[in-house]
$ cat work.pdb   # PDB, C-alpha atoms
ATOM      1  CA  MET A  14      16.427  15.708  48.282
ATOM      2  CA  ASN A  15      16.202  16.497  51.945
ATOM      3  CA  ILE A  16      16.639  20.255  51.718
ATOM      4  CA  THR A  17      14.221  22.119  53.966
ATOM      5  CA  ASP A  18      12.858  25.628  53.574
ATOM      6  CA  SER A  19      15.147  26.750  56.391
ATOM      7  CA  ASP A  20      18.114  25.246  54.498
ATOM      8  CA  VAL A  21      17.118  27.282  51.436
ATOM      9  CA  ARG A  22      16.672  30.479  53.499
ATOM     10  CA  ARG A  23      20.107  29.989  55.042
ATOM     11  CA  ARG A  24      21.690  29.389  51.637
ATOM     12  CA  LEU A  25      20.045  32.533  50.208
ATOM     13  CA  GLN A  26      21.736  34.499  53.002
ATOM     14  CA  LEU A  27      25.117  32.784  52.615
ATOM     15  CA  GLY A  28      25.280  32.917  48.808
ATOM     16  CA  GLU A  29      26.876  30.620  46.273
ATOM     17  CA  ASP A  30      29.726  28.218  46.963
ATOM     18  CA  SER A  31      31.199  24.961  45.659
ATOM     19  CA  ARG A  32      27.860  23.148  45.973
ATOM     20  CA  TRP A  33      25.283  25.889  45.287
ATOM     21  CA  GLU A  34      24.644  28.062  42.218
ATOM     22  CA  PHE A  35      21.897  30.684  41.862
ATOM     23  CA  LYS A  36      20.324  31.244  38.450
ATOM     24  CA  GLN A  37      18.046  34.179  37.698
ATOM     25  CA  ILE A  38      15.825  33.228  34.786
ATOM     26  CA  GLU A  39      14.529  35.556  32.080
ATOM     27  CA  PHE A  40      11.437  34.467  30.189
ATOM     28  CA  VAL A  41       9.867  35.366  26.845
ATOM     29  CA  ASP A  42       6.213  34.284  26.596
ATOM     30  CA  ASP A  43       6.651  31.876  29.538
ATOM     31  CA  HIS A  44       9.652  30.197  27.870
ATOM     32  CA  PRO A  45      13.138  30.435  29.431
ATOM     33  CA  ASN A  46      15.363  32.736  27.391
ATOM     34  CA  SER A  47      18.346  33.375  29.638
ATOM     35  CA  PRO A  48      20.638  31.849  30.821
ATOM     36  CA  SER A  49      21.227  29.905  27.635
ATOM     37  CA  ARG A  50      20.941  26.143  27.293
ATOM     38  CA  ASP A  51      24.743  26.007  26.910
ATOM     39  CA  ASP A  52      25.240  27.926  30.153
ATOM     40  CA  PHE A  53      23.010  25.461  32.004
ATOM     41  CA  ALA A  54      24.868  22.546  30.388
ATOM     42  CA  ASP A  55      28.223  23.983  31.470
ATOM     43  CA  GLU A  56      27.002  24.445  35.063
ATOM     44  CA  MET A  57      25.693  20.879  35.126
ATOM     45  CA  THR A  58      28.965  19.454  33.803
ATOM     46  CA  ALA A  59      30.914  21.485  36.365
ATOM     47  CA  PHE A  60      28.869  20.015  39.220
ATOM     48  CA  ALA A  61      28.867  16.481  37.782
ATOM     49  CA  ASN A  62      32.645  16.584  37.258
ATOM     50  CA  THR A  63      33.227  17.505  40.897
ATOM     51  CA  LYS A  64      31.022  16.174  43.695
ATOM     52  CA  GLY A  65      27.619  17.344  42.480
ATOM     53  CA  GLY A  66      25.658  20.406  43.486
ATOM     54  CA  ILE A  67      22.419  22.347  43.582
ATOM     55  CA  LEU A  68      21.110  24.874  41.068
ATOM     56  CA  LEU A  69      18.575  27.241  42.608
ATOM     57  CA  CYS A  70      16.652  28.487  39.570
ATOM     58  CA  GLY A  71      14.663  31.656  39.982
ATOM     59  CA  VAL A  72      17.169  33.265  42.352
ATOM     60  CA  SER A  73      19.362  36.300  41.677
ATOM     61  CA  ASP A  74      23.096  36.278  42.435
ATOM     62  CA  SER A  75      22.310  38.363  45.524
ATOM     63  CA  GLY A  76      19.964  35.650  46.842
ATOM     64  CA  GLU A  77      16.601  37.238  46.002
ATOM     65  CA  LEU A  78      13.769  34.973  44.903
ATOM     66  CA  GLN A  79      12.340  36.308  41.641
ATOM     67  CA  GLY A  80       9.145  34.233  41.589
ATOM     68  CA  MET A  81       7.936  32.286  38.568
ATOM     69  CA  THR A  82       4.518  31.260  37.306
ATOM     70  CA  PRO A  83       3.540  27.575  37.127
ATOM     71  CA  LYS A  84       3.824  27.735  33.298
ATOM     72  CA  GLN A  85       7.314  29.199  33.547
ATOM     73  CA  VAL A  86       8.387  26.547  36.046
ATOM     74  CA  SER A  87       7.070  23.758  33.807
ATOM     75  CA  ALA A  88       8.798  25.170  30.716
ATOM     76  CA  LEU A  89      12.076  25.573  32.599
ATOM     77  CA  SER A  90      11.816  22.039  33.975
ATOM     78  CA  ARG A  91      11.343  20.592  30.463
ATOM     79  CA  MET A  92      14.279  22.601  29.145
ATOM     80  CA  LEU A  93      16.593  21.485  31.960
ATOM     81  CA  VAL A  94      15.718  17.833  31.401
ATOM     82  CA  GLU A  95      16.417  18.230  27.674
ATOM     83  CA  VAL A  96      19.759  19.911  28.370
ATOM     84  CA  SER A  97      20.841  17.284  30.909
ATOM     85  CA  THR A  98      19.972  14.378  28.599
ATOM     86  CA  ASP A  99      20.529  15.729  25.071
ATOM     87  CA  THR A 100      23.255  18.378  25.385
ATOM     88  CA  VAL A 101      25.476  16.949  28.133
ATOM     89  CA  LYS A 102      27.431  13.802  27.254
ATOM     90  CA  PRO A 103      27.184  11.379  28.884
ATOM     91  CA  ALA A 104      23.721  12.382  30.081
ATOM     92  CA  ILE A 105      23.199  13.513  33.660
ATOM     93  CA  ARG A 106      20.083  12.379  35.539
ATOM     94  CA  ILE A 107      19.131  15.530  37.428
ATOM     95  CA  HIS A 108      16.520  15.706  40.169
ATOM     96  CA  ILE A 109      14.097  18.626  39.951
ATOM     97  CA  GLU A 110      11.954  19.862  42.795
ATOM     98  CA  LYS A 111       9.434  22.674  42.328
ATOM     99  CA  ARG A 112       9.308  24.774  45.471
ATOM    100  CA  GLU A 113       7.606  27.844  46.904
ATOM    101  CA  LEU A 114       8.959  30.151  49.566
ATOM    102  CA  ASP A 115       7.303  33.385  50.727
ATOM    103  CA  GLY A 116       4.732  32.963  47.937
ATOM    104  CA  LYS A 117       7.404  32.813  45.212
ATOM    105  CA  MET A 118       7.954  29.713  43.083
ATOM    106  CA  PHE A 119      11.476  28.541  42.260
ATOM    107  CA  MET A 120      13.217  25.298  41.358
ATOM    108  CA  LEU A 121      15.763  23.292  43.232
ATOM    109  CA  VAL A 122      17.796  21.170  40.808
ATOM    110  CA  GLU A 123      20.151  18.547  42.193
ATOM    111  CA  VAL A 124      23.012  17.588  39.890
ATOM    112  CA  PRO A 125      24.660  14.366  41.104
ATOM    113  CA  GLY A 126      28.391  13.833  40.973
ATOM    114  CA  GLY A 127      29.278  11.712  37.968
ATOM    115  CA  ASN A 128      31.374   8.618  37.407
ATOM    116  CA  TYR A 129      32.574   9.897  34.018
ATOM    117  CA  VAL A 130      33.855  13.141  32.576
ATOM    118  CA  HIS A 131      30.767  15.042  31.443
ATOM    119  CA  GLU A 132      31.060  17.601  28.673
ATOM    120  CA  ARG A 133      29.168  19.795  26.232
ATOM    121  CA  SER A 134      30.436  20.100  22.673
ATOM    122  CA  GLY A 135      33.846  18.793  23.720
ATOM    123  CA  LYS A 136      34.159  21.252  26.641
ATOM    124  CA  ALA A 137      34.314  20.064  30.235
ATOM    125  CA  PHE A 138      34.126  22.189  33.379
ATOM    126  CA  LEU A 139      34.816  21.858  37.106
ATOM    127  CA  ARG A 140      33.194  23.670  40.006
ATOM    128  CA  VAL A 141      35.814  25.680  41.884
ATOM    129  CA  GLY A 142      34.503  27.767  44.765
ATOM    130  CA  ASP A 143      31.487  29.713  43.547
ATOM    131  CA  SER A 144      32.302  29.498  39.832
ATOM    132  CA  LYS A 145      32.905  27.046  37.022
ATOM    133  CA  ARG A 146      36.313  26.696  35.387
ATOM    134  CA  ARG A 147      37.220  25.058  32.101
ATOM    135  CA  MET A 148      38.868  21.714  32.765
ATOM    136  CA  GLU A 149      42.553  21.563  31.825
ATOM    137  CA  SER A 150      43.877  18.580  29.874
ATOM    138  CA  ASP A 151      45.709  17.097  32.883
ATOM    139  CA  GLU A 152      42.526  17.327  34.986
ATOM    140  CA  TYR A 153      40.552  15.728  32.176
ATOM    141  CA  LEU A 154      43.003  12.811  31.971
ATOM    142  CA  ARG A 155      42.998  12.345  35.742
ATOM    143  CA  LEU A 156      39.186  12.153  35.869
ATOM    144  CA  ALA A 157      38.894   9.992  32.746
TER     145      ALA A 157
END
$ encode --input "work.pdb" --output "structure tokens"
Amino acid sequence: MNITDSDVRRRLQLGEDSRWEFKQIEFVDDHPNSPSRDDFADEMTAFANTKGGILLCGVSDSGELQGMTPKQVSALSRMLVEVSTDTVKPAIRIHIEKRELDGKMFMLVEVPGGNYVHERSGKAFLRVGDSKRRMESDEYLRLA
């Protein structure tokens, strides 16, 4: 990934769009609790089924960095890899970069665009603007 700190700062000001999603993470005992694994899987499928995108983990919807500890970042990284390989079918090979900005740790997760229709539990999504939408049957057939 060639995303600089100034790129991240600019994105935090501009907000989410078709290629960027912010995810505030809640932890219990240094383990990610919210958003759920299914929510992450749905976001990943939405990006993979369009042209790919970036998840900024540890960032509120308003663009504020929440800051995470190294243990929290490691636990979140493991969980995201598990979700992208075990929950999403076919698996997505995400790229994770641990970053720090203004003394606050966060994660930049690149989800590449896929060559197949990616889904979770038979559900497929597309990224439309700054949100994910359930893929309709005609869209599914067109992509398949």
$ atom_distance --input "work.pdb" --atom1 "CA of Arg91 (chain A)" --atom2 "CA of Asp43 (chain A)"
12.3 Å
$ closest_residue --input "work.pdb" --among "A:Thr58, A:Gln79, A:Ser73, A:Gln85" --to "Lys136 (chain A)" --atoms "all atoms listed in the file"
A:Thr58
$ closest_residue --input "work.pdb" --among "A:Arg22, A:Lys84, A:Lys102, A:Lys36" --to "Val130 (chain A)" --atoms "all atoms listed in the file"
A:Lys102
$ resolve_selection --input "work.pdb" --expression "the PyMOL selection byres ((chain A and resi 109-111) around 10)" --output "JSON, numbers by chain"
{"A": [14, 67, 68, 69, 70, 83, 86, 87, 90, 93, 94, 106, 107, 108, 112, 113, 118, 119, 120, 121, 122, 123, 124]}
$ closest_residue --input "work.pdb" --among "A:Gln37, A:Thr63, A:Ser47, A:Gln26" --to "Gly142 (chain A)" --atoms "all atoms listed in the file"
A:Thr63
$ closest_residue --input "work.pdb" --among "A:Thr82, A:Ser150, A:Ser97, A:Ser134" --to "Ala54 (chain A)" --atoms "all atoms listed in the file"
A:Ser97
$ atom_distance --input "work.pdb" --atom1 "CA of Glu77 (chain A)" --atom2 "CA of Phe35 (chain A)"
9.4 Å
$ closest_residue --input "work.pdb" --among "A:Asp99, A:Asp115, A:Asp55, A:Gly126" --to "Met148 (chain A)" --atoms "all atoms listed in the file"
A:Asp55
$ closest_residue --input "work.pdb" --among "A:Leu114, A:Asp30, A:His131, A:Ile38" --to "Arg50 (chain A)" --atoms "only C-alpha atoms"
A:Ile38
$ resolve_selection --input "work.pdb" --expression "the PyMOL selection byres ((chain A and resi 127) around 7)" --output "PyMOL selection string"
chain A and resi 61-62+125-126+128-129
$ atom_distance --input "work.pdb" --atom1 "CA of Glu56 (chain A)" --atom2 "CA of Thr17 (chain A)"
22.9 Å
$ resolve_selection --input "work.pdb" --expression "the PyMOL selection byres ((chain A and resi 141) around 10)" --output "number ranges by chain"
A: 30-32, 59-60, 63, 138-140, 142-147
$ write_last_selection --input "work.pdb" --atoms "C-alpha atoms" --output "PDB file, in the frame of the given file"
ATOM      1  CA  ASP A  30      29.726  28.218  46.963  1.00  0.00           C
ATOM      2  CA  SER A  31      31.199  24.961  45.659  1.00  0.00           C
ATOM      3  CA  ARG A  32      27.860  23.148  45.973  1.00  0.00           C
ATOM      4  CA  ALA A  59      30.914  21.485  36.365  1.00  0.00           C
ATOM      5  CA  PHE A  60      28.869  20.015  39.220  1.00  0.00           C
ATOM      6  CA  THR A  63      33.227  17.505  40.897  1.00  0.00           C
ATOM      7  CA  PHE A 138      34.126  22.189  33.379  1.00  0.00           C
ATOM      8  CA  LEU A 139      34.816  21.858  37.106  1.00  0.00           C
ATOM      9  CA  ARG A 140      33.194  23.670  40.006  1.00  0.00           C
ATOM     10  CA  GLY A 142      34.503  27.767  44.765  1.00  0.00           C
ATOM     11  CA  ASP A 143      31.487  29.713  43.547  1.00  0.00           C
ATOM     12  CA  SER A 144      32.302  29.498  39.832  1.00  0.00           C
ATOM     13  CA  LYS A 145      32.905  27.046  37.022  1.00  0.00           C
ATOM     14  CA  ARG A 146      36.313  26.696  35.387  1.00  0.00           C
ATOM     15  CA  ARG A 147      37.220  25.058  32.101  1.00  0.00           C
TER      16      ARG A 147
END
$ decode --input "work.pdb" --residues "region 46-122 of chain A" --atoms "C-alpha atoms" --output "PDB file, in the first residue's frame"
ATOM      1  CA  ASN A  46     -16.062  -7.469  20.342  1.00  0.00           C
ATOM      2  CA  SER A  47     -17.768  -5.085  17.941  1.00  0.00           C
ATOM      3  CA  PRO A  48     -18.294  -4.850  15.000  1.00  0.00           C
ATOM      4  CA  SER A  49     -19.060  -8.535  14.656  1.00  0.00           C
ATOM      5  CA  ARG A  50     -17.106 -10.977  12.519  1.00  0.00           C
ATOM      6  CA  ASP A  51     -20.114 -11.143  10.164  1.00  0.00           C
ATOM      7  CA  ASP A  52     -20.145  -7.361   9.777  1.00  0.00           C
ATOM      8  CA  PHE A  53     -16.461  -7.383   8.830  1.00  0.00           C
ATOM      9  CA  ALA A  54     -17.087 -10.259   6.402  1.00  0.00           C
ATOM     10  CA  ASP A  55     -19.945  -8.353   4.761  1.00  0.00           C
ATOM     11  CA  GLU A  56     -17.792  -5.220   4.373  1.00  0.00           C
ATOM     12  CA  MET A  57     -14.986  -7.279   2.851  1.00  0.00           C
ATOM     13  CA  THR A  58     -17.323  -8.981   0.376  1.00  0.00           C
ATOM     14  CA  ALA A  59     -18.801  -5.608  -0.586  1.00  0.00           C
ATOM     15  CA  PHE A  60     -15.350  -4.228  -1.410  1.00  0.00           C
ATOM     16  CA  ALA A  61     -14.167  -7.423  -3.131  1.00  0.00           C
ATOM     17  CA  ASN A  62     -17.333  -7.568  -5.257  1.00  0.00           C
ATOM     18  CA  THR A  63     -16.774  -4.027  -6.513  1.00  0.00           C
ATOM     19  CA  LYS A  64     -13.292  -2.625  -7.120  1.00  0.00           C
ATOM     20  CA  GLY A  65     -11.748  -3.155  -3.691  1.00  0.00           C
ATOM     21  CA  GLY A  66     -11.360  -0.702  -0.852  1.00  0.00           C
ATOM     22  CA  ILE A  67      -9.799   0.292   2.441  1.00  0.00           C
ATOM     23  CA  LEU A  68     -11.063  -0.406   5.954  1.00  0.00           C
ATOM     24  CA  LEU A  69      -9.674   2.056   8.487  1.00  0.00           C
ATOM     25  CA  CYS A  70     -10.039   0.163  11.767  1.00  0.00           C
ATOM     26  CA  GLY A  71      -9.921   2.190  14.937  1.00  0.00           C
ATOM     27  CA  VAL A  72     -11.695   5.198  13.423  1.00  0.00           C
ATOM     28  CA  SER A  73     -15.162   6.506  14.285  1.00  0.00           C
ATOM     29  CA  ASP A  74     -17.715   7.337  11.582  1.00  0.00           C
ATOM     30  CA  SER A  75     -16.907  11.010  12.183  1.00  0.00           C
ATOM     31  CA  GLY A  76     -13.224  10.403  11.366  1.00  0.00           C
ATOM     32  CA  GLU A  77     -11.768  10.421  14.890  1.00  0.00           C
ATOM     33  CA  LEU A  78      -8.906   8.060  15.664  1.00  0.00           C
ATOM     34  CA  GLN A  79      -9.785   6.063  18.779  1.00  0.00           C
ATOM     35  CA  GLY A  80      -6.317   4.648  19.481  1.00  0.00           C
ATOM     36  CA  MET A  81      -5.635   0.991  20.213  1.00  0.00           C
ATOM     37  CA  THR A  82      -3.005  -0.832  22.236  1.00  0.00           C
ATOM     38  CA  PRO A  83      -0.492  -3.138  20.525  1.00  0.00           C
ATOM     39  CA  LYS A  84      -2.330  -6.166  22.013  1.00  0.00           C
ATOM     40  CA  GLN A  85      -5.640  -4.921  20.644  1.00  0.00           C
ATOM     41  CA  VAL A  86      -4.139  -4.322  17.206  1.00  0.00           C
ATOM     42  CA  SER A  87      -2.640  -7.825  17.138  1.00  0.00           C
ATOM     43  CA  ALA A  88      -5.914  -9.450  18.223  1.00  0.00           C
ATOM     44  CA  LEU A  89      -7.876  -7.482  15.628  1.00  0.00           C
ATOM     45  CA  SER A  90      -5.363  -8.385  12.921  1.00  0.00           C
ATOM     46  CA  ARG A  91      -5.692 -12.116  13.712  1.00  0.00           C
ATOM     47  CA  MET A  92      -9.478 -11.876  13.693  1.00  0.00           C
ATOM     48  CA  LEU A  93      -9.569 -10.068  10.339  1.00  0.00           C
ATOM     49  CA  VAL A  94      -7.304 -12.661   8.739  1.00  0.00           C
ATOM     50  CA  GLU A  95      -9.537 -15.447  10.075  1.00  0.00           C
ATOM     51  CA  VAL A  96     -12.662 -13.719   8.760  1.00  0.00           C
ATOM     52  CA  SER A  97     -11.164 -13.072   5.316  1.00  0.00           C
ATOM     53  CA  THR A  98      -9.979 -16.674   4.915  1.00  0.00           C
ATOM     54  CA  ASP A  99     -12.499 -18.761   6.885  1.00  0.00           C
ATOM     55  CA  THR A 100     -15.786 -16.830   6.750  1.00  0.00           C
ATOM     56  CA  VAL A 101     -15.676 -15.262   3.279  1.00  0.00           C
ATOM     57  CA  LYS A 102     -15.966 -17.661   0.336  1.00  0.00           C
ATOM     58  CA  PRO A 103     -13.914 -17.722  -1.756  1.00  0.00           C
ATOM     59  CA  ALA A 104     -11.271 -16.375   0.616  1.00  0.00           C
ATOM     60  CA  ILE A 105      -9.993 -12.829   0.226  1.00  0.00           C
ATOM     61  CA  ARG A 106      -6.278 -12.121   0.703  1.00  0.00           C
ATOM     62  CA  ILE A 107      -6.355  -8.833   2.596  1.00  0.00           C
ATOM     63  CA  HIS A 108      -3.334  -6.643   3.255  1.00  0.00           C
ATOM     64  CA  ILE A 109      -3.014  -5.300   6.796  1.00  0.00           C
ATOM     65  CA  GLU A 110      -0.838  -2.393   7.807  1.00  0.00           C
ATOM     66  CA  LYS A 111      -0.489  -1.321  11.441  1.00  0.00           C
ATOM     67  CA  ARG A 112      -0.173   2.444  11.610  1.00  0.00           C
ATOM     68  CA  GLU A 113       0.182   5.267  14.115  1.00  0.00           C
ATOM     69  CA  LEU A 114      -0.934   8.844  13.672  1.00  0.00           C
ATOM     70  CA  ASP A 115      -0.804  11.542  16.367  1.00  0.00           C
ATOM     71  CA  GLY A 116       0.259   8.863  18.869  1.00  0.00           C
ATOM     72  CA  LYS A 117      -2.816   6.703  18.182  1.00  0.00           C
ATOM     73  CA  MET A 118      -2.552   3.224  16.676  1.00  0.00           C
ATOM     74  CA  PHE A 119      -5.006   2.090  14.002  1.00  0.00           C
ATOM     75  CA  MET A 120      -5.092  -0.395  11.142  1.00  0.00           C
ATOM     76  CA  LEU A 121      -5.296   0.147   7.443  1.00  0.00           C
ATOM     77  CA  VAL A 122      -6.777  -2.928   5.752  1.00  0.00           C
TER      78      VAL A 122
END
